[in-house]
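J.: First, the structure itself, so that you have it in front of you.
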Amino acid sequence: MHKIYSIIFTIILISSQFNSIAQQEKVWFSGLARSYFVRDANSFENDSTSAKNSSLGYNLIDLNTHINPLKDIEIFAQLRISNEFGSFFGTGTDIVVRQLTAKGVLAKKIKFSIGDLFLKQNKFTLNNNNEELPFFNSGFSSTYRDIIHYENFYLDNRWRLQGLQTNFSYEFDRFIETIEFDFFITRPRGSSSIGNGVTQSDMLLAGGTMKSKIFKNLTFESNYINLFEVTSTGNTGISVRNPVLQGGLTYQNETSNAILKHNIQSGFSKRSWLQFDSLVTNQSIGMFSELSTSYFKIDSSFSFSLGGRYVDPNFRSSGSQTRRIDMREDNNNSIYPNYSNEQISRPITAFDIVTDATIYNQDLSPTLMNFNPMYSNSLPYGAATPNRVGVFTNLDFQTENKFLKLNFNSSYLQEVIGQGSYELRNFLFIYGKSNFNLHEVLNLKKKLIFSLSFINETTKRAGTESEKIDLSSKHLDFSSDIEMLKNIFLQLGLKQVNSSGNEFLTDRIEYGEILTFNKLFFNQKDNLYSIGLKYKFRPKVYMNLQYNWWGTNFNDVNISDFKYQRLLFIFSVKL
Amino acid sequence: MKIRQHYILTIISIFLLFGCSKDEVEGPLINDIYGFFEITQPLTISNKNPDFSISEVVKFQCEFNKNVDWKISITGIVSGSNTIISGYSNSLDSNVNIWNGNTSQYPFFEQEYCAIELTFLNESDTLRDTIEIMGPQLYTDGFIVADFENGFPQDAFNKPQGGNVQATFVIADDMPLLGDYYFQMGGMINYDWALGKIEFKLDYSSNQISSTPDDFYLNLGILSDTVDLHTGQFVNVLISESDEPFDPDNNGVANIFDSNEEVYKLKLYIDWEGWKLISIRYSDFVATNSTAGVVFERNPNDIKGVRIACQACPSGGANPACPENLDRMVRTDLDHIIFTKNDALFEVITNINNDEWNKN
């Protein structure tokens with residue numbers, strides 16, 4: 001351990017040396033350091049085979065080196081040094097290059113980036129949708145959220161990809177005001193052997209964005225993306241093609257205190273597999289359209305938006321429909337993946353979604369991934385979820401003294417065509433979040449913050465007894481941050497997900513067509529309670545100690561419930 | 001435009017989106033997978049006293065509330081013969097589900113009562129009824145090649161192999177398939193493959209057969225060993241469309257099966273005991289193509305002859321292929337060789353093994 005600290009000390013020393021050079025704009029550093037320790041305990045009786053408790057932890061430092069050899073060029077490298085608790089130096093220490101990027105400006109006109117890119121386009125073409133249970137930014141779960149998002153490179157709904165990106169823009173003095181272009185080509189997956197002498201092909205993702213301000217109030221935007229495999233780089237003889245094209249107009253009307261914005265957009269997708277370079281199979285062609293209107297107060301005290309959306313059942317967009325969590329059975333939790341004396345596989349529950357970074361996905365998928373309707377049923381693939389038509393609203397409000405902050409959004413959606421039935425599913429989604437900064441109204445010097453949030457999602461389908469669906473999921477989240485002493489916060493938290501009713505899960509073949517439906521009954525309750533202390537040195541430098549009680553009741557004599565506890569310690573420094 | 005007007009316009013546009021729902025279904029119907037099964041219309045049998053000998057048929061009709069795998073089993077009370085009609089649907093259509101009195105396995109139905117049973121996969125419901133066959137199916141609706149009822153056809157060749165000292169190759173009456181007679185084709189040659197062959201002269205050019213090779217069938221019954229099965233026995237069936245004369249030399253050898261003629265061929269391993277009923281789609285026969293330049297234009301109208309050759313894996317000689325069959329008799333007896341158009345008389349065999357063509 002002493003050696004680890006020696007390395008860290010040396011790096012800091014070197015950093016300080018380079019800081020002097022950094023002043024000459026040559027090299028500068030940033031990064032993150034984290035100490036993480038958890039101890040999990042199994043506290044239910046019907047499991048004498050699993051370990052009663054276990055612990056793990058690590059220290060890591062991500063050192064970001066920014067090198068500016070020229071004014072317009074930057075080389076960025078992120079080097080990770082990590083050491084697991086209980087291991088010896090040399091055997092348990094990993095040193096990996098986590099990110100490498102070179103970026104710059106050509107002829108002061110064309111920007112380029114090579115290496116690790118964080119890409120995002122429109123929510124129908126390329127967008128990394130949020131996970132199913134919102135973290136609500138509540139105190140105790142935001143500690144976990146920071147780790148999950150950081151470890152999986154989730155940055156502002158962007159996908160982390162490796163390749164080349166360039167963008168440039170022009171300004172005009174007549175006809176149109178500006179026009180901007182952005183192009184990229186990346187390789188989400190390299191060719192690799194998948195056994196038995198079979199090599200899967202390279203998968204590439206290419207796309208571009210064109211945005212133009214036609215005149216002061218009107219903007220046109222178009223995005224194109226294509227996920228495809230290069231057949232010649234493998235020997236499977238089959239390769240996917242998934243181009244998506246989107247176009248939209250935004251009209252913006254500004255007054256002295258508010259902005260009114262209208263947006264209309266539409267697009268098409270095609271997904272097919274090419275066999276032996278010529279035979280197109282399993283082709284599906286779909287479209288979407290969306291219309292929305294937003295009203296913002298310029299002082300951010302109020303905003304309201306309203307819209308309608310249609311997404312065709314055959315609309316397929318790998319870049320925007322890939323999920324962060326694949327709820328397939330073999331996506332195992334890292335914490336007690338099996339439980340009970342029968343050692344059955346423990347399903348992904350609310351606690352795993354909130355805390356387990358290893359169940360999250362970083363790879364784009366050309367087919368729809370599995371989801372659990374208990375946690376997300378109306379829009380499991382984000383706004384681009386196929387086979388949906390309906391309306392959505394969003395409302396934000398905050399008082400002038402910031403005592404109260406409210407966010408409310410809802411959607412009412414319907415299927416475009418029935419799945420396994422001529423009857424259509426109807427989805428009602430209501431989300432509410434409130435933050436009470438009581439110290440503002442009580443004139444307290446120390447912070448007193450409460451947050452209460454909920455989600456109510458219902459799915460219904462009429463029809464015969466066998467076709468009927470009635471599923472209700474309720475998600476309640478409460479957290480408080482009470483500043484006991486200066487910068488020391490007492491954190492209390494509660495998260496509950498209740499689901500009852502029935503649904504059908506689709507079982508699809510390799511190329512996406514529905515093979516059959518699996519009937520599911522829910523009467524499940526996930527619980528997570530937390531108490532903790534947090535010391536904030538600075539907003540991004542903190543120490544957090546938590547104790548979590550969590551478990552799931554299935555309310556089914558045939559399925560064992562489970563109950564666990566966890567002690568968590570984190571020391572996080574963001575440089 | 002005021003803000004309110006903006007929103008009204010948006011709301012109207014959004015409601016237009018709801019008109020986009022389509023009257024389609026994605027995936028299989030859930031009602032078919034999980035729905036409660038119910039028979040909405042009982043089983044109706046169109047003719048409970050059919051006389052199949054005069055081409056009468058029995059039609060079945062029934063309706064259910066969902067698509068299911070259903071099966072009609074018809075069993076002769078006296079003969080024990082059985083035939084199956086099956087499908088996957090939510091009804092039995094009387095225009096489709098028709099029984100003409102045939103069977104998929106020996107023995108044939110007689111003049112007898114038959115038990116009808118309609119069952120459904122994964123459902124406990126069973127519907128039962130009976131019919132009385134007034135006249136059994138004669139299986140004569142087609143082009144008979146040979147039924148051996150009037151002896152061996154006069155213009156056909158019966159050619160046991162030289163050396164087949166125990167050759168049968170005779171008409172017999174002890175266990176016919178249909179009628180009173182059948183043809184015994186077998187014997188024993190330990191050292192060679194060929195035991196003999198029979199060749200029939202045919203000409204359908206005046207029949208104006210409209211069927212394609214996919215809808216044209218060769219049907220026959222083959223009787224194999226009942227005591228000591230020869231494990232390497234088979235028959236080669238050759239159909240010729242040659243324009244050559246059947247036997248131009250009058251030497252008892254049909255030249256139309258020569259390697260430079262348009263001949264289609266198929267090999268049947270005989271590995272059962274008793275009679276087996278076989279139907280073979282003409283399109284499943286393979287062009288022999290042994291000589292370059294032969295034009296293969298398979299057409300049932302052009303059929304000029306059929307050869308059936310009896311063969312068995314040798315059990316003797318210097319390097320016997322099947323020594324375990326030493327001194328075993330080969331038996332590939334035949335009856336009721338008939339071509340039919342559009343419908344096969346018996347169960348159509350597929351996945352035919354076409355290896356070792358040289359053994360003819």
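Just remember, in the structure tokens the first chain shown is A, the second B, etc., residues are 1-based per chain, and ligands are 1-based in the order shown.
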Could you list the residues in chain A lying within 10 Å of chain B, using only C-alpha atoms, and format the result as a PyMOL selection string?
T.: chain A and resi 260-263+289-295+305-313+387-392+413-424+463-468+504+506-508+513-519
J.: List as a list in words the protein and nucleic acid residues near Asn523 (chain A), meaning an atom at most 6 Å away when only C-alpha atoms are counted, but skip any in the same chain fewer than 4 places from it.
T.: Ser499, Ser500 and Phe554 of chain A
J.: The selected residues should be written to file as a short mmCIF file (atom, residue, chain, number, x, y, z; two decimals), in the first residue's frame (atoms: all heavy atoms).
T.:
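Wrote it out as out_1.cif, contents follow:
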```cif
data_model
loop_
_atom_site.label_atom_id
_atom_site.label_comp_id
_atom_site.auth_asym_id
_atom_site.auth_seq_id
_atom_site.Cartn_x
_atom_site.Cartn_y
_atom_site.Cartn_z
N SER A 499 -44.69 -3.06 -8.20
CA SER A 499 -45.31 -3.38 -9.48
C SER A 499 -46.31 -4.50 -9.29
O SER A 499 -46.01 -5.50 -8.61
CB SER A 499 -44.23 -3.79 -10.48
OG SER A 499 -44.78 -3.94 -11.75
N SER A 500 -47.46 -4.35 -9.88
CA SER A 500 -48.46 -5.42 -9.80
C SER A 500 -49.21 -5.49 -11.12
O SER A 500 -49.41 -4.47 -11.79
CB SER A 500 -49.42 -5.17 -8.65
OG SER A 500 -50.10 -3.95 -8.86
N PHE A 554 -41.27 -10.85 -3.64
CA PHE A 554 -41.99 -11.25 -4.86
C PHE A 554 -43.45 -11.60 -4.58
O PHE A 554 -44.24 -11.74 -5.50
CB PHE A 554 -41.30 -12.47 -5.50
CG PHE A 554 -39.94 -12.15 -6.05
CD1 PHE A 554 -38.80 -12.47 -5.35
CD2 PHE A 554 -39.80 -11.51 -7.27
CE1 PHE A 554 -37.54 -12.18 -5.85
CE2 PHE A 554 -38.55 -11.20 -7.78
CZ PHE A 554 -37.40 -11.54 -7.07
#
```
J.: Using only C-alpha atoms, which protein or nucleic acid residues come within 10 Å of Gln565 (chain A)? Drop anything in the same chain fewer than 3 positions from it, and give the result as a ChimeraX atom specification.
T.: /A:39-43,53,528-530,547-551,568
J.: Residues at most 9 Å from Leu274 (chain A), counting only C-alpha atoms, excluding those fewer than 4 positions away in the same chain, as a PyMOL selection string?
T.: chain A and resi 231+237-241+278-282
J.: Take the residues just selected and output them with C-alpha atoms as a PDB file, in the first residue's frame.
T.:
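Writing done, so here's selection-v4.pdb:
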```pdb
ATOM      1  CA  THR A 231     -18.740  -8.378 -44.721  1.00  0.00           C
ATOM      2  CA  GLY A 237     -21.516 -14.269 -44.711  1.00  0.00           C
ATOM      3  CA  ILE A 238     -24.148 -11.964 -43.229  1.00  0.00           C
ATOM      4  CA  SER A 239     -23.955  -8.300 -42.320  1.00  0.00           C
ATOM      5  CA  VAL A 240     -26.375  -5.740 -40.938  1.00  0.00           C
ATOM      6  CA  ARG A 241     -27.302  -2.403 -42.539  1.00  0.00           C
ATOM      7  CA  SER A 278     -26.374  -9.610 -52.581  1.00  0.00           C
ATOM      8  CA  LEU A 279     -29.379 -11.178 -50.860  1.00  0.00           C
ATOM      9  CA  VAL A 280     -31.270  -8.684 -48.670  1.00  0.00           C
ATOM     10  CA  THR A 281     -33.211 -10.409 -45.895  1.00  0.00           C
ATOM     11  CA  ASN A 282     -35.345  -9.475 -42.887  1.00  0.00           C
TER      12      ASN A 282
END
```
J.: Which residues, written as a list in words, have at least one atom at most 10 Å from Thr212 (chain B), with only C-alpha atoms counted and residues fewer than 2 positions away on the same chain left out?
T.: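 Skipping anything fewer than 2 positions along the chain leaves Ile209, Ser210, Asp214, Asp215, Phe216, Tyr217, Tyr282, Ser283, Arg298, Asn299, Pro300, Asn301, Lys341 and Asn342 of chain B.
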J.: Write the residues you've just listed into a file as an mmCIF file, in the first residue's frame, and include N, CA and C atoms for each of them.
T.:
```cif
data_model
loop_
_atom_site.group_PDB
_atom_site.id
_atom_site.type_symbol
_atom_site.label_atom_id
_atom_site.label_comp_id
_atom_site.auth_asym_id
_atom_site.auth_seq_id
_atom_site.Cartn_x
_atom_site.Cartn_y
_atom_site.Cartn_z
ATOM 1 N N ILE B 209 -51.574 -35.514 -69.863
ATOM 2 C CA ILE B 209 -51.413 -35.297 -68.419
ATOM 3 C C ILE B 209 -50.980 -33.855 -68.183
ATOM 4 N N SER B 210 -51.804 -33.130 -67.423
ATOM 5 C CA SER B 210 -51.492 -31.708 -67.215
ATOM 6 C C SER B 210 -50.632 -31.476 -65.980
ATOM 7 N N ASP B 214 -43.982 -32.090 -60.004
ATOM 8 C CA ASP B 214 -44.232 -31.946 -58.559
ATOM 9 C C ASP B 214 -45.566 -32.553 -58.150
ATOM 10 N N ASP B 215 -46.489 -32.640 -59.088
ATOM 11 C CA ASP B 215 -47.832 -33.148 -58.777
ATOM 12 C C ASP B 215 -48.087 -34.516 -59.407
ATOM 13 N N PHE B 216 -47.033 -35.201 -59.764
ATOM 14 C CA PHE B 216 -47.183 -36.499 -60.405
ATOM 15 C C PHE B 216 -46.432 -37.523 -59.544
ATOM 16 N N TYR B 217 -47.116 -38.604 -59.191
ATOM 17 C CA TYR B 217 -46.566 -39.512 -58.184
ATOM 18 C C TYR B 217 -46.487 -40.942 -58.716
ATOM 19 N N TYR B 282 -42.582 -37.398 -58.643
ATOM 20 C CA TYR B 282 -41.731 -37.602 -59.822
ATOM 21 C C TYR B 282 -40.560 -36.614 -59.831
ATOM 22 N N SER B 283 -40.798 -35.420 -59.296
ATOM 23 C CA SER B 283 -39.711 -34.421 -59.282
ATOM 24 C C SER B 283 -38.588 -34.813 -58.328
ATOM 25 N N ARG B 298 -38.021 -33.097 -67.941
ATOM 26 C CA ARG B 298 -38.946 -33.977 -67.218
ATOM 27 C C ARG B 298 -40.409 -33.598 -67.482
ATOM 28 N N ASN B 299 -41.166 -34.551 -68.010
ATOM 29 C CA ASN B 299 -42.566 -34.302 -68.357
ATOM 30 C C ASN B 299 -43.327 -35.615 -68.244
ATOM 31 N N PRO B 300 -44.315 -35.696 -67.371
ATOM 32 C CA PRO B 300 -45.047 -36.964 -67.189
ATOM 33 C C PRO B 300 -45.625 -37.517 -68.487
ATOM 34 N N ASN B 301 -45.988 -36.636 -69.424
ATOM 35 C CA ASN B 301 -46.541 -37.113 -70.701
ATOM 36 C C ASN B 301 -45.548 -37.943 -71.502
ATOM 37 N N LYS B 341 -51.940 -38.500 -60.653
ATOM 38 C CA LYS B 341 -51.689 -37.062 -60.826
ATOM 39 C C LYS B 341 -52.407 -36.290 -59.729
ATOM 40 N N ASN B 342 -51.805 -35.212 -59.323
ATOM 41 C CA ASN B 342 -52.321 -34.263 -58.321
ATOM 42 C C ASN B 342 -52.305 -34.791 -56.881
#
```
J.: Give me the residues within 7 Å of region 102-108 of chain B as a JSON list (two decimals) with N, CA, C and O atoms, in the first residue's frame, counting only C-alpha atoms and dropping any in the same chain fewer than 4 places off.
T.:
```
[["chain", "number", "residue", "atom", "x", "y", "z"],
["B", 79, "SER", "N", -60.27, -53.88, -39.74],
["B", 79, "SER", "CA", -58.94, -53.97, -40.34],
["B", 79, "SER", "C", -57.83, -53.41, -39.46],
["B", 79, "SER", "O", -56.68, -53.82, -39.54],
["B", 81, "SER", "N", -56.80, -50.56, -39.84],
["B", 81, "SER", "CA", -56.14, -49.54, -40.66],
["B", 81, "SER", "C", -56.38, -48.15, -40.05],
["B", 81, "SER", "O", -57.38, -47.92, -39.37],
["B", 82, "ASN", "N", -55.45, -47.29, -40.31],
["B", 82, "ASN", "CA", -55.55, -45.96, -39.69],
["B", 82, "ASN", "C", -55.04, -44.91, -40.66],
["B", 82, "ASN", "O", -54.06, -45.13, -41.38],
["B", 83, "THR", "N", -55.72, -43.78, -40.68],
["B", 83, "THR", "CA", -55.21, -42.64, -41.44],
["B", 83, "THR", "C", -55.37, -41.38, -40.61],
["B", 83, "THR", "O", -56.26, -41.29, -39.76],
["B", 137, "GLN", "N", -61.93, -48.06, -50.76],
["B", 137, "GLN", "CA", -61.17, -47.41, -51.83],
["B", 137, "GLN", "C", -60.46, -48.48, -52.67],
["B", 137, "GLN", "O", -59.89, -49.44, -52.14],
["B", 275, "TRP", "N", -45.67, -55.30, -45.69],
["B", 275, "TRP", "CA", -45.96, -54.36, -46.77],
["B", 275, "TRP", "C", -45.74, -52.92, -46.30],
["B", 275, "TRP", "O", -46.09, -52.58, -45.17],
["B", 276, "LYS", "N", -45.16, -52.14, -47.17],
["B", 276, "LYS", "CA", -45.09, -50.70, -46.92],
["B", 276, "LYS", "C", -45.61, -49.98, -48.15],
["B", 276, "LYS", "O", -45.26, -50.32, -49.28],
["B", 277, "LEU", "N", -46.46, -48.98, -47.91],
["B", 277, "LEU", "CA", -47.06, -48.21, -48.99],
["B", 277, "LEU", "C", -46.21, -46.97, -49.24],
["B", 277, "LEU", "O", -45.93, -46.22, -48.30],
["B", 345, "LEU", "N", -51.37, -41.57, -53.55],
["B", 345, "LEU", "CA", -52.27, -42.53, -52.91],
["B", 345, "LEU", "C", -51.85, -42.80, -51.48],
["B", 345, "LEU", "O", -52.67, -43.05, -50.61],
["B", 346, "PHE", "N", -50.55, -42.78, -51.24],
["B", 346, "PHE", "CA", -50.03, -43.13, -49.92],
["B", 346, "PHE", "C", -49.18, -41.98, -49.38],
["B", 346, "PHE", "O", -49.16, -40.89, -49.95],
["B", 347, "GLU", "N", -48.45, -42.27, -48.33],
["B", 347, "GLU", "CA", -47.61, -41.24, -47.73],
["B", 347, "GLU", "C", -46.40, -40.96, -48.65],
["B", 347, "GLU", "O", -45.70, -41.88, -49.06]]
```
J.: As a VMD selection string, please: all residues of region 353-394 of chain A that backbone DSSP puts in strand (DSSP E or B).
T.: chain A and resid 360 388 to 394
J.: Can you write out the residues you just picked, keeping N, CA and C atoms, as an mmCIF file, in the first residue's frame?
T.:
```
data_model
loop_
_atom_site.group_PDB
_atom_site.id
_atom_site.type_symbol
_atom_site.label_atom_id
_atom_site.label_comp_id
_atom_site.auth_asym_id
_atom_site.auth_seq_id
_atom_site.Cartn_x
_atom_site.Cartn_y
_atom_site.Cartn_z
ATOM 1 N N TYR A 360 -24.236 -2.466 -16.831
ATOM 2 C CA TYR A 360 -24.500 -1.469 -17.871
ATOM 3 C C TYR A 360 -23.722 -1.783 -19.152
ATOM 4 N N ARG A 388 -45.216 3.309 -31.111
ATOM 5 C CA ARG A 388 -45.827 4.217 -30.140
ATOM 6 C C ARG A 388 -46.375 5.448 -30.859
ATOM 7 N N VAL A 389 -47.556 5.873 -30.423
ATOM 8 C CA VAL A 389 -48.100 7.145 -30.877
ATOM 9 C C VAL A 389 -48.761 7.795 -29.667
ATOM 10 N N GLY A 390 -48.533 9.099 -29.504
ATOM 11 C CA GLY A 390 -49.153 9.728 -28.347
ATOM 12 C C GLY A 390 -48.630 11.116 -28.066
ATOM 13 N N VAL A 391 -48.980 11.596 -26.883
ATOM 14 C CA VAL A 391 -48.632 12.973 -26.500
ATOM 15 C C VAL A 391 -47.750 12.969 -25.265
ATOM 16 N N PHE A 392 -47.009 14.045 -25.087
ATOM 17 C CA PHE A 392 -46.161 14.173 -23.904
ATOM 18 C C PHE A 392 -46.102 15.637 -23.474
ATOM 19 N N THR A 393 -45.918 15.839 -22.188
ATOM 20 C CA THR A 393 -45.805 17.202 -21.658
ATOM 21 C C THR A 393 -44.657 17.251 -20.663
ATOM 22 N N ASN A 394 -44.140 18.426 -20.453
ATOM 23 C CA ASN A 394 -43.108 18.621 -19.431
ATOM 24 C C ASN A 394 -43.283 20.004 -18.825
#
```
J.: Neighbours of region 166-169 of chain A within 12 Å (only C-alpha atoms; same-chain residues fewer than 2 positions away dropped), as JSON, numbers by chain?
T.: {"A": [102, 103, 104, 105, 106, 107, 108, 109, 110, 111, 112, 113, 114, 115, 117, 119, 163, 164, 171, 172, 177, 178, 179, 180, 181, 182, 183, 184, 185, 186, 206, 207, 208, 209, 210, 211, 212, 213]}
J.: Just to confirm, what's the straight-line distance from CA of His66 (chain A) to CA of Ser30 (chain A) in Å (one decimal)?
T.: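 We find that CA of His66 (chain A) and CA of Ser30 (chain A) lie 8.0 Å from each other.
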J.: Out of region 125-338 of chain A, which residues get alpha helix (DSSP H) from DSSP, as a list in words?
T.: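 Filtering region 125-338 of chain A to alpha helix (DSSP H) leaves Gly139, Phe140, Ser141, Ser142, Thr143, Tyr144, Arg145, Asp146, Ile147, Ile148, His149, Tyr150, Glu151, Ser318, Gly319, Ser320 and Gln321 of chain A.
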